[in-house]
$ cat query.txt   # compact mmCIF, C-alpha atoms and all ligand atoms
# COMPACT_ATOMS: atom_id res chain seq x y z
CA MET R 5 76.84 71.07 84.59
CA GLU R 6 79.69 73.51 83.99
CA ALA R 7 82.90 72.88 85.89
CA GLU R 8 83.66 75.11 88.82
CA VAL R 9 85.57 78.37 88.28
CA LEU R 10 88.94 78.07 90.06
CA ILE R 11 90.62 81.26 88.86
CA LYS R 12 88.77 84.53 88.48
CA ALA R 13 90.43 87.83 87.62
CA GLU R 14 88.26 90.95 87.56
CA ASN R 15 89.58 94.19 86.02
CA VAL R 16 93.08 93.52 87.30
CA SER R 17 95.68 96.26 86.82
CA LYS R 18 99.24 96.80 87.99
CA LYS R 19 101.42 99.85 87.55
CA PHE R 20 105.16 100.19 87.86
CA ALA R 21 107.50 103.18 87.97
CA LYS R 22 110.15 103.33 85.28
CA SER R 23 112.97 104.15 87.70
CA LEU R 24 113.91 102.42 90.94
CA LYS R 25 114.16 105.78 92.75
CA LYS R 26 110.60 106.76 91.79
CA SER R 27 109.40 103.24 92.55
CA LEU R 28 110.82 103.42 96.11
CA PHE R 29 109.46 106.94 96.61
CA TYR R 30 105.93 105.96 95.48
CA GLY R 31 106.19 102.76 97.53
CA VAL R 32 106.81 104.78 100.71
CA GLN R 33 104.00 107.21 99.74
CA ASP R 34 101.56 104.31 99.25
CA LEU R 35 102.64 102.73 102.54
CA ILE R 36 101.94 105.95 104.44
CA SER R 37 98.56 106.31 102.69
CA GLY R 38 97.81 102.71 103.69
CA ILE R 39 98.71 103.29 107.35
CA THR R 40 96.89 106.61 107.65
CA GLY R 41 93.84 105.22 105.83
CA ARG R 42 94.07 107.81 103.04
CA GLU R 43 92.91 106.63 99.64
CA GLN R 44 95.75 105.49 97.41
CA ASN R 45 96.46 107.28 94.18
CA LYS R 46 94.65 105.33 91.42
CA ASP R 47 95.99 107.35 88.50
CA LEU R 48 99.41 107.16 86.94
CA ARG R 49 101.97 109.41 88.59
CA LYS R 50 105.02 110.83 86.81
CA ASP R 51 107.15 108.06 85.25
CA GLU R 52 104.60 105.33 86.00
CA PHE R 53 103.04 103.00 83.42
CA TRP R 54 100.46 100.21 83.42
CA ALA R 55 102.29 96.86 83.16
CA VAL R 56 98.86 95.16 83.26
CA LYS R 57 95.64 97.07 82.57
CA ASP R 58 92.09 95.99 83.16
CA ILE R 59 92.30 92.24 82.56
CA SER R 60 89.41 89.93 83.40
CA PHE R 61 89.00 86.20 82.82
CA GLU R 62 87.79 82.96 84.35
CA VAL R 63 89.42 79.55 84.19
CA ARG R 64 87.40 76.50 85.17
CA ARG R 65 88.61 73.12 86.36
CA GLY R 66 89.68 71.21 83.25
CA GLU R 67 90.59 74.34 81.29
CA CYS R 68 93.92 75.82 80.24
CA LEU R 69 94.34 79.52 79.50
CA GLY R 70 97.30 80.48 77.30
CA LEU R 71 98.85 83.91 77.83
CA ILE R 72 100.80 85.16 74.84
CA GLY R 73 102.38 88.46 73.78
CA HIS R 74 105.65 90.15 72.99
CA ASN R 75 108.43 90.56 75.54
CA GLY R 76 107.31 93.08 78.11
CA ALA R 77 103.58 92.65 77.31
CA GLY R 78 102.83 92.03 81.01
CA LYS R 79 102.42 88.24 81.13
CA SER R 80 104.84 87.56 83.99
CA THR R 81 103.45 90.47 85.98
CA LEU R 82 99.97 88.98 85.66
CA LEU R 83 101.27 85.55 86.71
CA LYS R 84 103.01 87.03 89.74
CA MET R 85 99.73 88.65 90.82
CA LEU R 86 97.89 85.35 90.34
CA ASN R 87 100.48 83.59 92.44
CA GLY R 88 100.26 86.24 95.14
CA LEU R 89 103.89 87.38 94.78
CA ILE R 90 102.72 90.94 94.09
CA SER R 91 99.32 92.51 94.61
CA PRO R 92 97.22 94.30 91.99
CA ASP R 93 96.73 98.07 92.19
CA GLU R 94 93.18 97.63 90.93
CA GLY R 95 90.76 94.76 90.53
CA THR R 96 90.47 91.44 92.30
CA ILE R 97 91.81 87.94 91.88
CA THR R 98 90.01 84.96 93.37
CA ILE R 99 91.62 81.53 93.39
CA LYS R 100 90.10 78.38 94.85
CA GLY R 101 92.20 75.46 96.02
CA LYS R 102 95.90 74.71 96.10
CA ILE R 103 98.18 76.57 93.65
CA GLY R 104 101.25 75.02 92.08
CA ALA R 105 103.43 77.49 90.24
CA LEU R 106 106.51 77.35 88.13
CA ILE R 107 107.27 80.97 87.50
CA GLU R 108 110.88 82.07 87.56
CA LEU R 109 113.72 79.66 87.12
CA GLY R 110 114.83 78.60 90.57
CA ALA R 111 112.37 80.95 92.27
CA GLY R 112 110.96 79.35 95.36
CA PHE R 113 114.03 77.18 95.91
CA ASN R 114 116.36 77.73 98.81
CA PRO R 115 119.79 77.33 97.18
CA ILE R 116 121.58 76.01 100.24
CA LEU R 117 119.00 73.30 100.92
CA SER R 118 119.07 69.97 99.10
CA GLY R 119 116.59 69.00 96.40
CA ARG R 120 114.79 66.74 98.88
CA GLU R 121 114.46 69.53 101.48
CA ASN R 122 113.23 71.93 98.83
CA ILE R 123 110.53 69.46 97.77
CA TYR R 124 109.19 69.46 101.34
CA ASN R 125 109.41 73.27 101.56
CA ASN R 126 107.73 73.94 98.24
CA ALA R 127 104.97 71.39 98.62
CA ALA R 128 104.28 72.69 102.14
CA VAL R 129 103.99 76.24 100.76
CA ILE R 130 101.41 74.99 98.25
CA GLY R 131 99.47 73.63 101.21
CA PHE R 132 100.25 69.90 101.35
CA THR R 133 100.83 68.08 104.62
CA LYS R 134 104.04 66.19 105.43
CA LYS R 135 102.17 62.90 105.05
CA GLU R 136 100.91 63.85 101.58
CA ILE R 137 104.42 64.88 100.54
CA ASP R 138 105.90 61.61 101.95
CA GLN R 139 103.52 59.68 99.74
CA LYS R 140 104.46 61.64 96.61
CA LEU R 141 108.19 62.03 97.27
CA ASP R 142 109.43 59.07 95.24
CA ALA R 143 107.22 59.97 92.30
CA ILE R 144 108.50 63.56 92.36
CA ILE R 145 112.16 62.51 92.46
CA ALA R 146 111.61 59.92 89.72
CA PHE R 147 109.71 62.41 87.54
CA ALA R 148 112.50 64.98 87.95
CA GLU R 149 115.06 62.26 87.14
CA LEU R 150 117.17 63.51 90.03
CA GLU R 151 117.62 60.29 92.04
CA GLU R 152 121.40 60.66 92.23
CA PHE R 153 121.37 64.38 92.98
CA ILE R 154 118.43 64.74 95.32
CA ASP R 155 120.60 65.29 98.40
CA MET R 156 122.84 67.85 96.73
CA PRO R 157 122.25 71.60 97.42
CA VAL R 158 120.06 73.14 94.73
CA GLN R 159 122.67 75.85 94.10
CA ASN R 160 124.74 73.19 92.34
CA TYR R 161 121.89 72.21 90.00
CA SER R 162 121.93 73.19 86.33
CA SER R 163 119.03 75.30 85.02
CA GLY R 164 117.52 72.18 83.41
CA MET R 165 117.67 70.31 86.75
CA LYS R 166 115.95 73.21 88.54
CA VAL R 167 113.14 73.24 85.99
CA ARG R 168 112.73 69.47 86.32
CA LEU R 169 112.48 69.73 90.09
CA GLY R 170 110.15 72.75 89.95
CA PHE R 171 107.81 71.11 87.48
CA ALA R 172 107.87 67.80 89.29
CA VAL R 173 106.77 69.43 92.56
CA ALA R 174 104.21 71.74 90.92
CA ALA R 175 102.59 69.05 88.76
CA GLN R 176 103.07 65.77 90.67
CA MET R 177 101.33 67.17 93.73
CA GLU R 178 98.29 67.62 91.47
CA PRO R 179 97.27 71.11 92.66
CA ASP R 180 93.88 72.61 91.78
CA VAL R 181 95.53 75.51 89.98
CA LEU R 182 98.78 75.26 88.03
CA ILE R 183 100.64 78.33 86.77
CA ILE R 184 103.48 77.73 84.35
CA ASP R 185 105.72 80.42 82.90
CA GLU R 186 108.14 80.15 80.01
CA VAL R 187 110.55 78.05 82.11
CA LEU R 188 109.60 74.80 80.38
CA ALA R 189 111.52 76.03 77.35
CA VAL R 190 114.73 75.34 79.32
CA GLY R 191 114.06 71.61 79.57
CA ASP R 192 115.29 69.18 76.94
CA LEU R 193 112.81 67.73 74.47
CA GLY R 194 112.42 64.43 76.33
CA PHE R 195 111.51 66.23 79.54
CA VAL R 196 109.17 68.67 77.81
CA MET R 197 107.27 65.72 76.29
CA LYS R 198 107.01 64.17 79.73
CA CYS R 199 105.64 67.46 81.09
CA TYR R 200 102.97 67.50 78.38
CA LYS R 201 101.96 63.99 79.35
CA GLN R 202 101.72 65.01 82.99
CA ILE R 203 99.71 68.12 82.06
CA ASP R 204 97.33 65.91 80.03
CA LYS R 205 96.98 63.70 83.09
CA ILE R 206 96.18 66.45 85.58
CA ILE R 207 94.19 68.79 83.35
CA PRO R 208 90.75 67.23 84.00
CA ASN R 209 91.09 68.17 87.69
CA THR R 210 93.11 71.36 87.35
CA ALA R 211 92.79 74.91 86.03
CA ILE R 212 96.01 75.82 84.23
CA ILE R 213 97.49 79.14 83.15
CA PHE R 214 100.32 78.73 80.73
CA VAL R 215 102.68 81.41 79.37
CA SER R 216 104.81 80.60 76.39
CA HIS R 217 106.38 82.05 73.28
CA SER R 218 105.97 78.66 71.60
CA MET R 219 102.72 78.74 69.68
CA SER R 220 102.88 75.00 69.10
CA MET R 221 102.89 74.44 72.89
CA ILE R 222 100.01 76.92 73.33
CA SER R 223 97.97 75.31 70.55
CA ARG R 224 98.69 71.87 71.98
CA ILE R 225 97.35 72.42 75.51
CA CYS R 226 95.23 75.58 75.77
CA ASN R 227 91.50 75.86 75.19
CA GLN R 228 91.36 79.63 75.67
CA ILE R 229 93.82 82.39 74.98
CA ILE R 230 94.68 86.00 75.86
CA LEU R 231 96.96 87.99 73.59
CA MET R 232 98.50 90.88 75.55
CA GLU R 233 100.19 93.99 74.23
CA HIS R 234 101.52 96.80 76.44
CA GLY R 235 99.62 95.42 79.42
CA LYS R 236 96.24 95.35 77.66
CA VAL R 237 94.19 92.57 76.14
CA GLU R 238 94.40 92.57 72.37
CA PHE R 239 92.50 89.34 71.82
CA GLN R 240 90.68 87.10 74.25
CA GLY R 241 88.58 84.03 73.61
CA PHE R 242 88.25 80.33 73.02
CA ASP R 243 89.40 80.53 69.38
CA VAL R 244 93.04 79.70 70.17
CA ALA R 245 94.01 79.50 66.47
CA LYS R 246 92.72 83.04 65.91
CA GLY R 247 94.75 84.41 68.83
CA VAL R 248 97.86 82.59 67.61
CA ASN R 249 97.39 83.98 64.09
CA MET R 250 97.01 87.51 65.46
CA TYR R 251 100.23 87.01 67.42
CA TYR R 252 102.04 85.84 64.29
CA GLY R 253 100.54 88.75 62.35
CA LYS R 254 102.56 91.04 64.61
CA PHE R 255 105.75 89.52 63.32
CA VAL R 256 104.92 89.73 59.63
CA ASN R 257 108.17 90.74 58.12
CA ASN R 258 108.05 92.29 54.70
CA ASN R 259 111.77 92.67 54.28
CA GLN R 260 113.22 90.95 51.28
CA SER R 261 116.87 90.06 51.48
CA ILE R 262 119.07 89.23 48.54
CA LEU R 263 121.71 86.77 49.69
CA VAL R 264 123.43 85.98 46.38
CA ASP R 265 123.59 88.16 43.28
CA ASP R 266 126.15 87.32 40.62
CA LYS R 267 124.75 90.01 38.26
CA VAL R 268 124.05 87.33 35.70
CA ILE R 269 120.36 88.21 35.73
CA GLU R 270 118.76 91.57 36.57
CA ASP R 271 115.36 93.03 37.54
CA PHE R 272 114.28 89.80 39.20
CA GLU R 273 110.61 89.85 40.17
CA PHE R 274 108.34 87.28 41.78
CA LYS R 275 104.60 87.87 41.59
CA ILE R 276 101.76 85.85 43.09
CA GLU R 277 98.79 85.84 40.74
CA ALA R 278 96.15 86.30 43.40
CA TYR R 279 94.44 89.33 44.92
CA ASN R 280 96.36 90.45 48.04
CA ASN R 281 98.62 87.39 47.64
CA THR R 282 95.80 85.36 49.17
CA ILE R 283 94.51 82.01 47.97
CA ASN R 284 91.98 79.60 49.44
CA TRP R 285 92.86 76.13 50.61
CA ASN R 286 92.90 73.75 47.60
CA ASP R 287 93.10 76.63 45.04
CA ASP R 288 95.70 76.51 42.30
CA PHE R 289 98.75 78.57 43.22
CA ASN R 290 99.83 80.65 40.21
CA PHE R 291 102.90 82.83 40.20
CA THR R 292 105.25 84.46 37.71
CA ILE R 293 108.97 85.03 37.75
CA SER R 294 110.47 87.67 35.50
CA PHE R 295 114.06 88.70 34.95
CA VAL R 296 116.34 90.24 32.37
CA ASN R 297 119.05 87.90 31.15
CA LYS R 298 122.49 89.50 31.02
CA LYS R 299 124.92 86.64 30.58
CA LEU R 300 123.21 83.24 30.46
CA SER R 301 122.94 81.10 27.37
CA LYS R 302 120.45 78.59 28.89
CA MET R 303 117.33 79.14 30.97
CA PRO R 304 118.31 78.94 34.66
CA TYR R 305 116.51 76.73 37.19
CA PHE R 306 114.30 78.27 39.88
CA SER R 307 113.65 76.56 43.16
CA ILE R 308 110.91 78.02 45.31
CA SER R 309 110.74 77.18 48.98
CA LEU R 310 107.96 77.93 51.42
CA PHE R 311 108.54 78.68 55.12
CA ASP R 312 105.94 78.80 57.85
CA LYS R 313 105.49 81.59 60.37
CA GLU R 314 108.06 80.04 62.70
CA ASN R 315 110.48 80.10 59.78
CA LYS R 316 110.52 76.34 59.43
CA PRO R 317 110.86 75.07 55.85
CA ILE R 318 107.56 73.53 54.76
CA ALA R 319 107.93 72.70 51.11
CA LEU R 320 110.20 72.94 48.12
CA MET R 321 108.40 73.46 44.83
CA TYR R 322 110.10 71.96 41.84
CA TYR R 323 109.32 71.44 38.20
CA LYS R 324 110.77 69.42 35.35
CA GLU R 325 113.12 71.63 33.45
CA GLU R 326 114.13 71.75 29.86
CA PHE R 327 117.18 73.95 29.61
CA LEU R 328 116.14 76.09 26.68
CA THR R 329 118.56 78.37 24.94
CA ILE R 330 117.86 82.00 25.84
CA ASP R 331 118.82 85.46 24.57
CA ARG R 332 119.80 88.63 26.41
CA GLN R 333 116.26 89.90 26.94
CA LYS R 334 113.44 90.02 29.50
CA TYR R 335 111.66 86.73 30.25
CA ILE R 336 108.40 86.15 32.09
CA LEU R 337 107.72 82.59 33.29
CA ASN R 338 104.32 81.46 34.52
CA PHE R 339 104.16 78.65 37.07
CA CYS R 340 101.26 76.76 38.59
CA HIS R 341 100.98 74.39 41.51
CA LYS R 342 97.62 72.64 41.24
CA LYS R 343 95.49 72.35 44.39
CA MET R 344 97.58 73.99 47.09
CA GLN R 345 96.63 72.05 50.22
CA LEU R 346 98.39 74.09 52.88
CA SER R 347 96.47 75.06 55.98
CA ARG R 348 95.34 78.59 56.78
CA GLY R 349 98.25 80.87 57.57
CA VAL R 350 101.08 83.00 56.26
CA TYR R 351 103.99 81.48 54.34
CA SER R 352 107.12 83.26 53.26
CA ILE R 353 108.74 82.42 49.94
CA ASN R 354 112.44 82.14 49.15
CA VAL R 355 113.70 81.74 45.59
CA THR R 356 117.04 80.34 44.52
CA VAL R 357 118.19 80.61 40.91
CA ASN R 358 120.68 77.99 39.77
CA GLN R 359 122.53 77.98 36.50
CA SER R 360 121.33 74.40 36.03
CA PHE R 361 119.41 71.91 38.16
CA ASN R 362 121.00 71.82 41.63
CA ASN R 363 124.13 73.54 40.43
CA ASN R 364 125.87 76.93 40.75
CA ILE R 365 123.66 79.42 42.54
CA ILE R 366 123.56 82.74 40.70
CA TYR R 367 120.82 84.50 42.65
CA ARG R 368 119.02 83.92 45.93
CA ILE R 369 116.34 86.05 47.54
CA ASN R 370 114.68 85.38 50.89
CA ASN R 371 111.15 86.47 51.75
CA VAL R 372 110.50 87.62 48.20
CA GLN R 373 106.75 87.46 48.86
CA GLN R 374 104.33 86.28 51.48
CA LEU R 375 101.56 83.88 50.57
CA PHE R 376 98.36 83.97 52.62
CA VAL R 377 96.24 80.84 52.66
CA GLU R 378 92.64 81.09 53.79
CA SER R 379 90.49 78.19 54.83
CA GLU R 380 87.02 77.79 56.21
CA ILE R 381 88.28 75.09 58.53
CA GLU R 382 90.26 76.89 61.16
CA ASP R 383 92.39 74.49 63.03
CA LEU R 384 94.01 72.20 60.50
CA PRO R 385 97.69 71.31 60.68
CA THR R 386 99.91 72.33 57.78
CA PHE R 387 99.04 69.39 55.54
CA LEU R 388 95.83 67.56 54.94
CA LEU R 389 96.73 64.11 53.60
CA GLU R 390 93.94 62.39 51.73
CA THR R 391 93.83 58.76 52.86
CA TYR R 392 91.74 55.82 51.65
CA LEU R 393 90.20 53.04 53.66
CA THR R 394 91.38 50.00 51.73
CA LYS R 395 90.01 47.12 53.72
CA LEU R 396 87.45 46.53 56.44
CA ASN R 397 87.51 43.23 58.27
N1 LIG L 401 109.36 95.23 89.37
C1 LIG L 401 109.22 95.97 88.28
N2 LIG L 401 109.47 97.30 88.31
C2 LIG L 401 109.33 98.07 87.22
N3 LIG L 401 108.96 97.60 86.00
C3 LIG L 401 108.72 96.28 85.91
C4 LIG L 401 108.84 95.39 87.03
N4 LIG L 401 108.53 94.14 86.61
C5 LIG L 401 108.23 94.23 85.30
N5 LIG L 401 108.34 95.51 84.87
C6 LIG L 401 108.04 96.03 83.51
O1 LIG L 401 106.68 95.72 83.25
C7 LIG L 401 106.49 95.41 81.87
C8 LIG L 401 105.87 94.03 81.77
O2 LIG L 401 106.86 93.05 82.13
P1 LIG L 401 106.58 91.49 82.20
O3 LIG L 401 107.81 90.85 82.72
O4 LIG L 401 105.30 91.26 82.89
O5 LIG L 401 106.41 91.14 80.65
P2 LIG L 401 106.31 89.72 79.94
O6 LIG L 401 105.14 89.80 79.01
O7 LIG L 401 106.30 88.65 80.95
O8 LIG L 401 107.65 89.68 79.10
P3 LIG L 401 108.60 88.41 78.73
O9 LIG L 401 107.91 87.69 77.61
O10 LIG L 401 109.86 89.08 78.29
O11 LIG L 401 108.77 87.59 79.97
C9 LIG L 401 107.87 95.52 81.24
O12 LIG L 401 107.96 96.79 80.65
C10 LIG L 401 108.83 95.37 82.41
O13 LIG L 401 110.03 96.07 82.15
$ encode --input "query.txt" --output "structure tokens" --more "lines below"
Ligand SMILES: Nc1ncnc2c1ncn2[C@@H]1O[C@H](COP(=O)(O)OP(=O)(O)OP(=O)(O)O)[C@@H](O)[C@H]1O
Amino acid sequence: MEAEVLIKAENVSKKFAKSLKKSLFYGVQDLISGITGREQNKDLRKDEFWAVKDISFEVRRGECLGLIGHNGAGKSTLLKMLNGLISPDEGTITIKGKIGALIELGAGFNPILSGRENIYNNAAVIGFTKKEIDQKLDAIIAFAELEEFIDMPVQNYSSGMKVRLGFAVAAQMEPDVLIIDEVLAVGDLGFVMKCYKQIDKIIPNTAIIFVSHSMSMISRICNQIILMEHGKVEFQGFDVAKGVNMYYGKFVNNNQSILVDDKVIEDFEFKIEAYNNTINWNDDFNFTISFVNKKLSKMPYFSISLFDKENKPIALMYYKEEFLTIDRQKYILNFCHKKMQLSRGVYSINVTVNQSFNNNIIYRINNVQQLFVESEIEDLPTFLLETYLTKLN
């Protein structure tokens, strides 16, 4: 039997005015229409835009929906509507059960009240009774690691402390629906890992909506994804890896940048020997480097590094070099890395040219090319390490 739907959004839209003056004016207009029973204006008026347009989805108990998109795509606006902080102009939102939300840093806290008082306030707003909160209080304080500071006014808390308290209340009370915005990014790594563990613990009984710019976090906890752009859905589905790749595709940066150029070599070119710079997983990776030698007497050394879409270094390709004597002419070098076992994705290539192995950089170019790796298996991590079972007892 399928789990019960706890969050349902049907054709939800929200418009905003670009200026505060217009926003106030339209607000008053809408209020009067509301009071007099006249139908509200459904179309965009001058200077208005759709911050969220026509979004529908369902999240069942045990599921986590990831919302991704550029800054200003409309994610927070959608979350605020789900949490009831603002109402949609069109469409309906239905939520069953108690909602825990961690939306804006410090939102929902009363700054002059202590951490302890805020726990009671926030948990009561979610819908828990005093007795239920009493039972959970110690666990919340311990989870937030705020034992020493729990009776201090929240206005004196650091941003990390506020996030810890907010998450502790939202997640320790084990609500039916949990809405988490980017705020987790503020926590330190230890706390973020603890939050993951808590999310893993509550997910079987909870429907979660999670907004993040960290694709590793999204891939780690979400089973469905919506990619938003200018308020609209650009991709929606259960293929989280596909949504993440589409998001990364938006950042593909084709700009080469030359960081070092001692004019010792000229006309440097790097070419991937594959159609559209695309290879399949486990294919040989062939590429050529060409240059015109102006001043060198020995062949220089080329080091080729690969970076993933988050710009993290993934691999350094090296080869055994014999420093041949060279003339002042054009050279074309062919290289091959046998069986490239990198997972599906886009990798950017940087090349550094040293006069000799690990010595004296004469040329360096970042993002000289992008390598696309295709794979039939969609959701592999960067490396597939072949392992052997050596003994069975
Ligand atoms: N109260 C408001 N009045 C007018 N415009 C608003 C209001 N709130 C948000 N917007 C605008 O609506 C659009 C969507 O904003 P929103 O904060 O939902 O984006 P987001 O996807 O959450 O972005 P980020 O990743 O930066 O948090 C933006 O253009 C923003 O400037």
$ residues_near_ligand --input "query.txt" --ligand "ligand LIG 401 (chain L)" --cutoff "9 Å" --atoms "only C-alpha atoms and all ligand atoms" --output "ChimeraX atom specification"
/R:18-24,27,52-56,71-84,185-186,215-217,232-235
$ residues_near_point --input "query.txt" --point "(110.2, 66.8, 99.4)" --cutoff "9 Å" --atoms "only C-alpha atoms" --output "mmCIF file with C-alpha atoms, in the frame of the given file"
data_model
loop_
_atom_site.group_PDB
_atom_site.id
_atom_site.type_symbol
_atom_site.label_atom_id
_atom_site.label_comp_id
_atom_site.auth_asym_id
_atom_site.auth_seq_id
_atom_site.Cartn_x
_atom_site.Cartn_y
_atom_site.Cartn_z
ATOM 1 C CA GLY R 119 116.590 69.000 96.400
ATOM 2 C CA ARG R 120 114.790 66.740 98.880
ATOM 3 C CA GLU R 121 114.460 69.530 101.480
ATOM 4 C CA ASN R 122 113.230 71.930 98.830
ATOM 5 C CA ILE R 123 110.530 69.460 97.770
ATOM 6 C CA TYR R 124 109.190 69.460 101.340
ATOM 7 C CA ASN R 125 109.410 73.270 101.560
ATOM 8 C CA ASN R 126 107.730 73.940 98.240
ATOM 9 C CA ALA R 127 104.970 71.390 98.620
ATOM 10 C CA ALA R 128 104.280 72.690 102.140
ATOM 11 C CA LYS R 134 104.040 66.190 105.430
ATOM 12 C CA ILE R 137 104.420 64.880 100.540
ATOM 13 C CA ASP R 138 105.900 61.610 101.950
ATOM 14 C CA LYS R 140 104.460 61.640 96.610
ATOM 15 C CA LEU R 141 108.190 62.030 97.270
ATOM 16 C CA ASP R 142 109.430 59.070 95.240
ATOM 17 C CA ILE R 144 108.500 63.560 92.360
ATOM 18 C CA ILE R 145 112.160 62.510 92.460
ATOM 19 C CA VAL R 173 106.770 69.430 92.560
#
$ closest_residue --input "query.txt" --among "R:Asn290, R:Thr40, R:Asn358, R:Asn370" --to "Phe339 of chain R" --atoms "all atoms listed in the file"
R:Asn290
$ residues_around --input "query.txt" --residues "segment 154-160 of chain R" --least-positions-apart "2" --cutoff "9 Å" --atoms "only C-alpha atoms" --output "list of chain:residue names"
R:Gly110, R:Phe113, R:Asn114, R:Pro115, R:Ile116, R:Leu117, R:Ser118, R:Gly119, R:Arg120, R:Glu121, R:Asn122, R:Ile145, R:Leu150, R:Glu151, R:Glu152, R:Ser162, R:Met165, R:Lys166
$ closest_atom_pairs --input "query.txt" --of "segment 5-33 of chain R" --to "segment 176-181 of chain R" --cutoff "12 Å" --atoms "only C-alpha atoms" --output "Markdown table"
| residue | atom | partner | partner_atom | distance |
| --- | --- | --- | --- | --- |
| R:Glu8 | CA | R:Asp180 | CA | 10.9 |
| R:Val9 | CA | R:Val181 | CA | 10.5 |
| R:Leu10 | CA | R:Val181 | CA | 7.1 |
| R:Ile11 | CA | R:Val181 | CA | 7.6 |
| R:Lys12 | CA | R:Val181 | CA | 11.4 |
$ atom_distance --input "query.txt" --atom1 "atom CA of Gly170 of chain R" --atom2 "atom CA of Gly194 of chain R"
16.1 Å
$ residues_around --input "query.txt" --residues "segment 245-252 of chain R" --least-positions-apart "6" --cutoff "12 Å" --atoms "only C-alpha atoms" --output "number ranges by chain"
R: 69-74, 77, 216-233, 237-239, 312-315, 347-351, 376-378, 381-385
$ atom_distance --input "query.txt" --atom1 "atom CA of Gly164 of chain R" --atom2 "atom CA of Ala146 of chain R"
15.0 Å
$ atom_distance --input "query.txt" --atom1 "atom CA of Thr329 of chain R" --atom2 "atom CA of Lys302 of chain R"
4.4 Å
$ closest_residue --input "query.txt" --among "R:Lys25, R:Arg64, R:Lys57, R:Lys46" --to "Glu6 of chain R" --atoms "only C-alpha atoms"
R:Arg64
$ residues_around --input "query.txt" --residues "Cys340 of chain R" --least-positions-apart "5" --cutoff "10 Å" --atoms "all atoms listed in the file" --output "PyMOL selection string"
chain R and resi 277+288-292+323
$ write_last_selection --input "query.txt" --atoms "C-alpha atoms" --output "short mmCIF file (atom, residue, chain, number, x, y, z; two decimals), keeping the file's coordinate frame"
data_model
loop_
_atom_site.label_atom_id
_atom_site.label_comp_id
_atom_site.auth_asym_id
_atom_site.auth_seq_id
_atom_site.Cartn_x
_atom_site.Cartn_y
_atom_site.Cartn_z
CA GLU R 277 98.79 85.84 40.74
CA ASP R 288 95.70 76.51 42.30
CA PHE R 289 98.75 78.57 43.22
CA ASN R 290 99.83 80.65 40.21
CA PHE R 291 102.90 82.83 40.20
CA THR R 292 105.25 84.46 37.71
CA TYR R 323 109.32 71.44 38.20
#
